[in-house]
file data.cif (mmCIF, C-alpha atoms and all ligand atoms)
data_final
#
loop_
_atom_site.label_atom_id
_atom_site.label_comp_id
_atom_site.auth_asym_id
_atom_site.auth_seq_id
_atom_site.Cartn_x
_atom_site.Cartn_y
_atom_site.Cartn_z
CA MET A 1 10.32 22.10 -8.64
CA ILE A 2 8.45 23.49 -5.64
CA ALA A 3 5.16 23.19 -7.46
CA ARG A 4 5.99 19.62 -8.38
CA LEU A 5 6.93 18.76 -4.82
CA THR A 6 3.81 20.42 -3.48
CA SER A 7 1.73 18.43 -5.92
CA TYR A 8 3.52 15.27 -4.84
CA MET A 9 2.93 15.91 -1.18
CA ALA A 10 -0.61 17.08 -1.64
CA SER A 11 -1.52 13.86 -3.34
CA PHE A 12 -0.78 11.97 -0.15
CA PHE A 13 -3.12 14.19 1.77
CA THR A 14 -6.03 13.91 -0.61
CA ARG A 15 -6.38 10.18 -0.09
CA ARG A 16 -6.71 7.52 2.52
CA ARG A 17 -7.07 9.75 5.47
CA PRO A 18 -6.59 7.27 8.25
CA ARG A 19 -9.24 8.69 10.52
CA ARG A 20 -11.77 6.14 11.60
CA ASN A 21 -15.20 6.35 10.04
CA GLN A 22 -14.26 9.34 7.96
CA ARG A 23 -15.49 9.20 4.41
CA PRO A 24 -13.23 10.46 1.64
CA ARG A 25 -13.77 14.18 1.29
CA GLN A 26 -15.63 15.41 -1.70
CA HIS A 27 -14.06 18.63 -2.82
CA LYS A 28 -16.26 21.23 -4.39
CA ARG A 29 -13.46 22.88 -6.22
CA PRO A 30 -10.88 21.23 -8.40
CA GLY A 31 -7.34 20.13 -7.58
CA ARG A 32 -4.80 22.90 -7.71
CA ARG A 33 -6.76 25.36 -5.61
CA LEU A 34 -6.49 22.85 -2.81
CA PHE A 35 -2.73 22.78 -2.74
CA LEU A 36 -2.30 25.72 -0.40
CA ALA A 37 -4.61 24.14 2.13
CA HIS A 38 -2.78 20.84 1.78
CA SER A 39 0.56 22.55 2.27
CA LEU A 40 -0.70 24.04 5.52
CA LYS A 41 -1.74 20.57 6.65
CA LEU A 42 1.68 19.32 5.68
CA PHE A 43 3.27 22.00 7.81
CA THR A 44 1.08 20.98 10.73
CA ALA A 45 2.07 17.36 10.19
CA ALA A 46 5.74 18.32 10.08
CA LEU A 47 5.41 20.09 13.43
CA GLY A 48 4.34 16.78 14.90
CA LEU A 49 7.42 15.01 13.54
CA LEU A 50 9.60 15.29 16.62
CA ALA A 51 6.84 14.46 19.06
CA ALA A 52 5.54 11.56 17.02
CA ARG A 53 8.28 9.06 17.77
CA SER A 54 7.75 9.30 21.48
CA VAL A 55 3.96 9.00 21.35
CA LEU A 56 3.88 5.22 21.29
CA LYS A 57 6.52 3.43 23.29
CA PRO A 58 7.51 -0.21 22.76
CA SER A 59 6.00 -2.63 25.24
CA PRO A 60 7.09 -6.04 26.54
CA ALA A 61 3.77 -7.33 25.20
CA LEU A 62 5.39 -7.34 21.76
CA ALA A 63 7.51 -10.28 22.78
CA ILE A 64 4.48 -12.55 23.24
CA SER A 65 2.99 -13.40 19.88
CA THR A 66 0.82 -16.03 18.38
CA PRO A 67 1.79 -16.87 14.80
CA LEU A 68 -0.04 -15.02 12.08
CA SER A 69 -2.54 -17.17 10.19
CA ILE A 70 -0.92 -17.98 6.87
CA GLN A 71 -1.48 -20.16 3.85
CA GLN A 72 1.14 -21.58 1.51
CA VAL A 73 0.30 -20.30 -1.95
CA ALA A 74 3.33 -21.69 -3.78
CA ASP A 75 6.49 -23.59 -2.87
CA GLY A 76 8.08 -21.53 -0.09
CA ILE A 77 5.65 -18.61 -0.41
CA TYR A 78 3.23 -17.82 2.39
CA LEU A 79 0.39 -15.30 2.55
CA HIS A 80 -1.75 -13.77 5.26
CA VAL A 81 -4.92 -12.24 3.82
CA GLY A 82 -6.24 -9.19 5.67
CA ARG A 83 -9.93 -8.44 6.09
CA HIS A 84 -11.82 -6.26 3.64
CA GLU A 85 -12.67 -3.64 6.22
CA ARG A 86 -11.75 -0.11 7.12
CA PRO A 87 -9.27 -0.01 10.01
CA SER A 88 -10.88 -0.12 13.44
CA PRO A 89 -10.05 -1.01 17.04
CA GLN A 90 -12.20 -4.11 16.50
CA ASN A 91 -10.12 -5.50 13.62
CA ARG A 92 -6.90 -4.08 15.12
CA GLY A 93 -5.72 -3.06 11.69
CA ASP A 94 -5.61 -6.56 10.27
CA ILE A 95 -6.81 -5.35 6.88
CA ALA A 96 -3.90 -5.79 4.47
CA ASN A 97 -1.95 -8.72 3.10
CA ILE A 98 1.38 -9.82 4.53
CA ALA A 99 3.64 -12.30 2.73
CA PHE A 100 7.01 -13.99 3.02
CA ILE A 101 9.28 -16.07 0.83
CA VAL A 102 11.52 -18.75 2.29
CA GLY A 103 14.87 -19.46 0.62
CA ASP A 104 17.51 -22.05 1.54
CA GLU A 105 19.46 -19.40 3.43
CA ARG A 106 17.25 -16.40 4.09
CA VAL A 107 13.66 -15.19 4.34
CA LEU A 108 12.18 -12.17 2.60
CA VAL A 109 9.13 -10.40 4.06
CA PHE A 110 6.86 -8.43 1.74
CA ASP A 111 4.84 -5.90 3.77
CA SER A 112 4.38 -6.20 7.49
CA GLY A 113 0.85 -4.97 8.23
CA TYR A 114 -0.75 -2.07 10.05
CA ALA A 115 0.62 -2.71 13.54
CA PRO A 116 3.69 -3.84 15.47
CA TYR A 117 1.86 -6.89 16.85
CA LEU A 118 1.31 -8.05 13.26
CA GLY A 119 5.07 -7.86 12.69
CA SER A 120 5.63 -9.90 15.84
CA SER A 121 3.02 -12.46 14.78
CA LEU A 122 4.66 -12.58 11.36
CA LYS A 123 8.01 -13.39 12.98
CA ALA A 124 6.35 -16.22 14.91
CA ALA A 125 4.77 -17.52 11.69
CA VAL A 126 8.15 -17.48 9.92
CA ALA A 127 9.72 -19.34 12.85
CA SER A 128 6.99 -21.97 12.63
CA ILE A 129 8.04 -22.69 9.02
CA THR A 130 11.83 -22.30 8.99
CA ASP A 131 14.83 -21.62 11.19
CA LYS A 132 16.33 -19.35 8.50
CA PRO A 133 16.55 -15.68 9.45
CA ILE A 134 14.51 -12.82 8.05
CA ALA A 135 17.09 -10.88 6.01
CA TYR A 136 14.94 -8.53 3.92
CA VAL A 137 11.76 -6.60 4.57
CA ILE A 138 10.19 -5.04 1.50
CA THR A 139 7.84 -2.11 2.06
CA SER A 140 5.66 -2.05 -1.05
CA HIS A 141 4.49 1.55 -0.47
CA ILE A 142 3.75 4.17 2.20
CA HIS A 143 0.16 3.38 3.22
CA PRO A 144 -0.15 2.76 6.95
CA ASP A 145 -1.77 -0.68 6.62
CA HIS A 146 1.51 -1.94 5.11
CA ILE A 147 4.25 -0.30 7.16
CA PHE A 148 3.88 -0.43 10.94
CA GLY A 149 4.65 -4.14 11.36
CA ASN A 150 8.20 -3.06 10.44
CA SER A 151 8.50 -1.79 14.03
CA ALA A 152 8.77 -5.36 15.29
CA LEU A 153 11.09 -6.59 12.54
CA GLN A 154 14.04 -4.33 13.23
CA ALA A 155 17.25 -6.26 13.90
CA PRO A 156 20.93 -5.77 13.02
CA ASP A 157 20.84 -8.23 10.13
CA VAL A 158 17.52 -7.12 8.64
CA THR A 159 17.60 -4.77 5.63
CA PHE A 160 14.52 -2.66 4.88
CA ILE A 161 13.98 -2.07 1.17
CA GLY A 162 11.71 0.21 -0.85
CA HIS A 163 11.27 2.56 -3.79
CA LYS A 164 13.81 5.39 -4.20
CA ASP A 165 11.06 7.89 -3.36
CA LEU A 166 9.69 6.00 -0.37
CA PRO A 167 11.89 7.79 2.22
CA THR A 168 10.40 11.11 1.03
CA ALA A 169 6.92 9.72 1.57
CA PHE A 170 7.90 8.46 5.03
CA LYS A 171 9.18 11.92 5.87
CA HIS A 172 6.11 13.79 4.65
CA VAL A 173 3.16 11.61 5.66
CA GLY A 174 4.71 9.06 8.03
CA PRO A 175 4.31 11.26 11.15
CA TYR A 176 0.69 11.91 10.19
CA TYR A 177 -0.02 8.18 9.91
CA LEU A 178 1.78 7.50 13.19
CA ARG A 179 -0.17 10.12 15.09
CA GLY A 180 -3.48 8.75 13.80
CA LEU A 181 -2.61 5.13 14.42
CA ALA A 182 -4.10 4.62 17.89
CA ASP A 183 -7.33 6.32 16.80
CA ASN A 184 -7.57 4.03 13.81
CA ILE A 185 -6.67 0.60 15.19
CA GLY A 186 -6.83 1.06 18.97
CA THR A 187 -4.23 2.01 21.54
CA GLN A 188 -3.20 -1.54 22.34
CA ALA A 189 -2.75 -2.56 18.70
CA ALA A 190 -0.72 0.60 18.07
CA THR A 191 1.66 -0.08 20.95
CA GLY A 192 5.30 0.08 19.93
CA ALA A 193 4.69 1.69 16.56
CA GLN A 194 7.61 3.42 14.89
CA LEU A 195 8.35 4.66 11.42
CA VAL A 196 10.90 2.37 9.81
CA PRO A 197 11.77 3.69 6.35
CA PRO A 198 13.86 1.70 3.89
CA SER A 199 17.65 1.97 3.94
CA LEU A 200 18.20 0.12 0.65
CA LEU A 201 16.46 1.88 -2.25
CA VAL A 202 15.36 0.66 -5.67
CA ASP A 203 15.63 2.94 -8.70
CA LEU A 204 13.33 3.02 -11.70
CA ASN A 205 14.58 0.66 -14.44
CA LYS A 206 17.19 -0.80 -12.10
CA PRO A 207 15.63 -3.83 -10.42
CA LEU A 208 17.32 -5.16 -7.32
CA VAL A 209 17.92 -8.92 -7.28
CA LEU A 210 18.06 -10.56 -3.85
CA ASP A 211 19.51 -14.04 -3.36
CA LEU A 212 17.60 -16.01 -0.74
CA GLY A 213 19.58 -19.21 -1.40
CA GLY A 214 18.16 -21.47 -4.09
CA ARG A 215 15.88 -18.72 -5.33
CA SER A 216 16.23 -15.06 -6.22
CA VAL A 217 13.67 -12.30 -5.94
CA ARG A 218 13.63 -9.27 -8.23
CA ILE A 219 12.42 -6.02 -6.67
CA GLU A 220 11.12 -3.55 -9.24
CA ALA A 221 10.30 0.15 -8.74
CA TRP A 222 7.41 1.70 -10.63
CA LYS A 223 6.57 5.17 -11.86
CA PRO A 224 3.63 6.78 -9.99
CA ALA A 225 0.73 4.33 -10.04
CA HIS A 226 -1.11 3.31 -6.84
CA THR A 227 1.17 5.76 -4.99
CA HIS A 228 4.26 7.74 -5.97
CA ALA A 229 6.57 5.00 -4.70
CA ASP A 230 5.42 1.43 -5.39
CA VAL A 231 7.60 -1.66 -5.67
CA THR A 232 6.77 -5.24 -6.63
CA ALA A 233 8.68 -8.50 -6.05
CA PHE A 234 9.01 -11.37 -8.52
CA ASP A 235 10.14 -14.78 -7.27
CA ASP A 236 12.02 -16.62 -10.02
CA LYS A 237 11.55 -20.09 -8.54
CA SER A 238 7.76 -20.05 -8.36
CA GLY A 239 7.04 -17.44 -11.02
CA VAL A 240 4.87 -15.57 -8.51
CA LEU A 241 4.65 -11.76 -8.51
CA LEU A 242 3.94 -9.97 -5.24
CA THR A 243 2.20 -6.80 -6.36
CA GLY A 244 1.48 -4.89 -3.17
CA ASP A 245 -1.42 -2.52 -3.77
CA LEU A 246 -0.77 -2.33 -7.51
CA VAL A 247 -3.39 -5.07 -7.49
CA PHE A 248 -6.48 -5.19 -5.29
CA VAL A 249 -8.77 -8.23 -5.31
CA SER A 250 -12.41 -7.73 -4.22
CA HIS A 251 -11.49 -4.59 -2.19
CA VAL A 252 -12.01 -1.52 -4.41
CA PRO A 253 -8.66 0.05 -5.42
CA THR A 254 -7.67 3.35 -3.79
CA PHE A 255 -6.00 6.16 -5.75
CA ASP A 256 -2.94 7.98 -4.40
CA GLY A 257 -0.44 8.21 -7.26
CA SER A 258 -1.40 8.49 -10.92
CA THR A 259 -4.55 6.99 -12.38
CA LEU A 260 -3.09 6.94 -15.90
CA GLY A 261 0.26 5.71 -14.61
CA TRP A 262 -1.47 2.88 -12.80
CA ILE A 263 -3.24 1.76 -15.96
CA GLY A 264 0.14 1.70 -17.71
CA ALA A 265 1.72 -0.31 -14.91
CA LEU A 266 -1.06 -2.89 -14.97
CA LYS A 267 -0.78 -3.29 -18.73
CA ALA A 268 2.98 -3.82 -18.37
CA MET A 269 2.51 -6.31 -15.55
CA ARG A 270 0.05 -8.26 -17.65
CA THR A 271 2.81 -9.08 -20.16
CA TYR A 272 5.04 -10.71 -17.51
CA GLN A 273 5.73 -14.44 -17.59
CA CYS A 274 4.00 -15.14 -14.29
CA LYS A 275 2.42 -18.17 -12.74
CA GLY A 276 0.54 -16.22 -10.13
CA ILE A 277 0.13 -12.96 -8.24
CA LEU A 278 -0.26 -12.05 -4.59
CA PRO A 279 -2.24 -8.79 -4.31
CA GLY A 280 -1.97 -6.21 -1.54
CA HIS A 281 -5.59 -6.89 -0.57
CA GLY A 282 -7.56 -10.05 -1.29
CA LYS A 283 -6.83 -13.60 -2.29
CA ALA A 284 -3.91 -14.87 -4.31
CA SER A 285 -4.47 -15.67 -7.96
CA ILE A 286 -2.35 -18.67 -8.94
CA GLY A 287 -2.44 -20.58 -12.22
CA ASN A 288 -3.65 -19.90 -15.75
CA GLN A 289 -6.16 -17.30 -14.61
CA TRP A 290 -3.56 -15.19 -12.82
CA THR A 291 -4.28 -12.12 -14.99
CA GLN A 292 -7.96 -12.04 -14.02
CA PRO A 293 -7.50 -9.62 -11.08
CA ILE A 294 -5.40 -7.33 -13.28
CA ASP A 295 -8.16 -7.29 -15.89
CA ALA A 296 -10.74 -6.42 -13.21
CA MET A 297 -8.50 -3.58 -12.05
CA LEU A 298 -8.09 -2.31 -15.61
CA THR A 299 -11.85 -2.36 -16.10
CA TYR A 300 -12.41 -0.29 -12.96
CA LEU A 301 -9.62 2.21 -13.66
CA THR A 302 -10.46 2.73 -17.32
CA THR A 303 -14.15 3.13 -16.50
CA VAL A 304 -13.30 5.85 -13.98
CA VAL A 305 -11.05 7.62 -16.49
CA THR A 306 -13.55 7.39 -19.35
CA ASP A 307 -16.46 8.61 -17.23
CA VAL A 308 -14.52 11.41 -15.54
CA ARG A 309 -13.17 12.66 -18.86
CA ALA A 310 -16.71 12.77 -20.25
CA LEU A 311 -17.96 14.66 -17.19
CA ILE A 312 -15.11 17.17 -17.39
CA ALA A 313 -15.93 17.71 -21.06
CA ARG A 314 -19.48 18.59 -19.98
CA ASN A 315 -18.16 21.03 -17.33
CA ALA A 316 -19.49 18.89 -14.52
CA THR A 317 -18.42 19.65 -10.96
CA ILE A 318 -16.46 17.21 -8.84
CA ASP A 319 -19.59 16.55 -6.76
CA GLU A 320 -21.49 15.60 -9.90
CA ALA A 321 -18.60 13.40 -11.00
CA VAL A 322 -18.51 11.64 -7.63
CA LYS A 323 -22.22 10.82 -7.93
CA GLN A 324 -22.06 9.64 -11.54
CA ALA A 325 -18.66 8.30 -12.57
CA ALA A 326 -18.17 4.53 -12.81
CA GLN A 327 -21.26 3.69 -10.76
CA SER A 328 -21.57 0.66 -13.05
CA GLN A 329 -18.60 -0.77 -11.16
CA LYS A 330 -20.23 -0.69 -7.74
CA LYS A 331 -21.48 -4.28 -7.88
CA ASN A 332 -17.95 -5.58 -8.51
CA TRP A 333 -16.14 -4.18 -5.47
CA LEU A 334 -16.30 -4.23 -1.68
CA LEU A 335 -15.89 -0.93 0.23
CA PHE A 336 -17.00 0.91 -2.93
CA ASP A 337 -18.90 3.58 -1.02
CA ASP A 338 -15.92 4.10 1.29
CA TYR A 339 -13.24 4.71 -1.32
CA HIS A 340 -14.80 5.26 -4.74
CA PRO A 341 -15.80 8.92 -4.07
CA GLY A 342 -12.21 9.72 -3.17
CA ASN A 343 -10.96 7.90 -6.26
CA VAL A 344 -13.20 9.97 -8.51
CA THR A 345 -12.08 13.16 -6.78
CA PHE A 346 -8.46 12.16 -7.28
CA ALA A 347 -8.97 11.25 -10.95
CA PHE A 348 -10.87 14.48 -11.58
CA ALA A 349 -7.98 16.59 -10.27
CA GLU A 350 -5.55 14.60 -12.39
CA LEU A 351 -7.54 14.62 -15.61
CA GLU A 352 -9.00 18.14 -15.65
CA TRP A 353 -5.59 19.54 -16.66
CA GLU A 354 -5.04 17.22 -19.60
ZN ZN B 1 -2.12 1.20 -0.53
#

call {"tool": "encode", "arguments": {"input": "data.cif", "output": "structure tokens"}}
result
Amino acid sequence: MIARLTSYMASFFTRRRPRRNQRPRQHKRPGRRLFLAHSLKLFTAALGLLAARSVLKPSPALAISTPLSIQQVADGIYLHVGRHERPSPQNRGDIANIAFIVGDERVLVFDSGYAPYLGSSLKAAVASITDKPIAYVITSHIHPDHIFGNSALQAPDVTFIGHKDLPTAFKHVGPYYLRGLADNIGTQAATGAQLVPPSLLVDLNKPLVLDLGGRSVRIEAWKPAHTHADVTAFDDKSGVLLTGDLVFVSHVPTFDGSTLGWIGALKAMRTYQCKGILPGHGKASIGNQWTQPIDAMLTYLTTVVTDVRALIARNATIDEAVKQAAQSQKKNWLLFDDYHPGNVTFAFAELEWE
């Protein structure tokens, strides 16, 4: 149990370190030897837990917000597409997608962005479309570019929803993300940031159906894939699936859960009766070609797995794997040099014990 938990926690620390301009680390030695070091980092992060909440205090500036730029992608479904960039004070963390679904009675938000001001701008965007209240905020997974807008969405009638294992992730890596936030997106953009974990949890194989009035949205929890706690949302009225980071478009995927599990999840998703998908990064894919981004993801992931397995079979080191695996995919993805080395490192640690 302890080993399993350590592995779980360590996986969060091997990826997506939110320090600005820091490349993914390329470990010289394979996975399990790193766990002790990761556990020490976890302990350090835990020490910061109590201090973290008071680091960034809410500011009156949050009340003044221009509406987020949004596009209607289907009837009652709106999307803000983040930039394909690493977080920086220049882009103020506007690097991930934010979406909402408007029902006859209530509004559902799916991910709130990297910063409180994005949550405030989202509220202004919702108010520009409807006078119905935001009732549900879905947090698709733990990564910081999807969670800190929650800070501005807290209200008595708002329910925050996520995967059954998401609170554990909030507890273990949330303080780390919070402490690094101002460094990553700038002090002003980070103003008011808090960790807002879900209070309503979704179990595996037990989807949660939310009635927005005139439409219902099914929230589904996945086994480890992009992270250890991913959820998706399917809108029955439009047939659109909001995937969170289970699907990346243009932006190279980032590994933080299970490479093999992710391939399985994408194959399952591909069989759904959908009319479109909204990814966690990149443009929506609506219409007959909606599976195209999933196929691109599968090509990338299976190429990484195939190449890494072959390198392991030849007793290659992680450094050699990072230089060689899936380089054929470089032309297909933005931010490849930023995240692909970390992906190969992650896959290597996962696959060397097969
Ligand atoms: Zn993510």

call {"tool": "closest_atom_pairs", "arguments": {"input": "data.cif", "of": "chain A", "to": "ligand ZN 1 (chain B)", "cutoff": "9 Å", "atoms": "all atoms listed in the file", "output": "JSON lines"}}
result
{"residue": "A:Arg16", "atom": "CA", "partner": "B:ZN1", "partner_atom": "ZN", "distance": 8.4}
{"residue": "A:Ala96", "atom": "CA", "partner": "B:ZN1", "partner_atom": "ZN", "distance": 8.8}
{"residue": "A:Ser140", "atom": "CA", "partner": "B:ZN1", "partner_atom": "ZN", "distance": 8.4}
{"residue": "A:His141", "atom": "CA", "partner": "B:ZN1", "partner_atom": "ZN", "distance": 6.6}
{"residue": "A:Ile142", "atom": "CA", "partner": "B:ZN1", "partner_atom": "ZN", "distance": 7.1}
{"residue": "A:His143", "atom": "CA", "partner": "B:ZN1", "partner_atom": "ZN", "distance": 4.9}
{"residue": "A:Pro144", "atom": "CA", "partner": "B:ZN1", "partner_atom": "ZN", "distance": 7.9}
{"residue": "A:Asp145", "atom": "CA", "partner": "B:ZN1", "partner_atom": "ZN", "distance": 7.4}
{"residue": "A:His146", "atom": "CA", "partner": "B:ZN1", "partner_atom": "ZN", "distance": 7.4}
{"residue": "A:His226", "atom": "CA", "partner": "B:ZN1", "partner_atom": "ZN", "distance": 6.7}
{"residue": "A:Thr227", "atom": "CA", "partner": "B:ZN1", "partner_atom": "ZN", "distance": 7.2}
{"residue": "A:Asp230", "atom": "CA", "partner": "B:ZN1", "partner_atom": "ZN", "distance": 9.0}
{"residue": "A:Gly244", "atom": "CA", "partner": "B:ZN1", "partner_atom": "ZN", "distance": 7.6}
{"residue": "A:Asp245", "atom": "CA", "partner": "B:ZN1", "partner_atom": "ZN", "distance": 5.0}
{"residue": "A:Leu246", "atom": "CA", "partner": "B:ZN1", "partner_atom": "ZN", "distance": 7.9}
{"residue": "A:Pro253", "atom": "CA", "partner": "B:ZN1", "partner_atom": "ZN", "distance": 8.2}
{"residue": "A:Thr254", "atom": "CA", "partner": "B:ZN1", "partner_atom": "ZN", "distance": 6.8}
{"residue": "A:Phe255", "atom": "CA", "partner": "B:ZN1", "partner_atom": "ZN", "distance": 8.2}
{"residue": "A:Asp256", "atom": "CA", "partner": "B:ZN1", "partner_atom": "ZN", "distance": 7.8}
{"residue": "A:Gly280", "atom": "CA", "partner": "B:ZN1", "partner_atom": "ZN", "distance": 7.5}
{"residue": "A:His281", "atom": "CA", "partner": "B:ZN1", "partner_atom": "ZN", "distance": 8.8}

call {"tool": "residues_around", "arguments": {"input": "data.cif", "residues": "A:Ile95", "least_positions_apart": "2", "cutoff": "9 Å", "atoms": "all atoms listed in the file", "output": "PyMOL selection string"}}
result
chain A and resi 81-87+91-93+97+113-114+145+281

call {"tool": "atom_distance", "arguments": {"input": "data.cif", "atom1": "atom CA of A:Ile312", "atom2": "atom CA of A:Glu354"}}
result
10.3 Å

call {"tool": "atom_distance", "arguments": {"input": "data.cif", "atom1": "atom CA of A:Gln324", "atom2": "atom CA of A:Val247"}}
result
24.1 Å

call {"tool": "closest_residue", "arguments": {"input": "data.cif", "among": "A:Leu118, A:Leu301, A:Leu242, A:Ala265", "to": "A:Leu278", "atoms": "all atoms listed in the file"}}
result
A:Leu242

call {"tool": "residues_around", "arguments": {"input": "data.cif", "residues": "A:Pro224", "least_positions_apart": "6", "cutoff": "8 Å", "atoms": "only C-alpha atoms", "output": "list in words"}}
result
Asp230, Gly257, Ser258, Gly261 and Trp262 of chain A

call {"tool": "closest_residue", "arguments": {"input": "data.cif", "among": "A:Leu195, A:Val202, A:Ala310, A:Ile70", "to": "A:Tyr176", "atoms": "only C-alpha atoms"}}
result
A:Leu195

call {"tool": "atom_distance", "arguments": {"input": "data.cif", "atom1": "atom CA of A:Phe336", "atom2": "atom CA of A:Thr299"}}
result
14.5 Å

call {"tool": "closest_residue", "arguments": {"input": "data.cif", "among": "A:Ala124, A:Ile134, A:Ala193, A:Ile161", "to": "A:Glu220", "atoms": "only C-alpha atoms"}}
result
A:Ile161
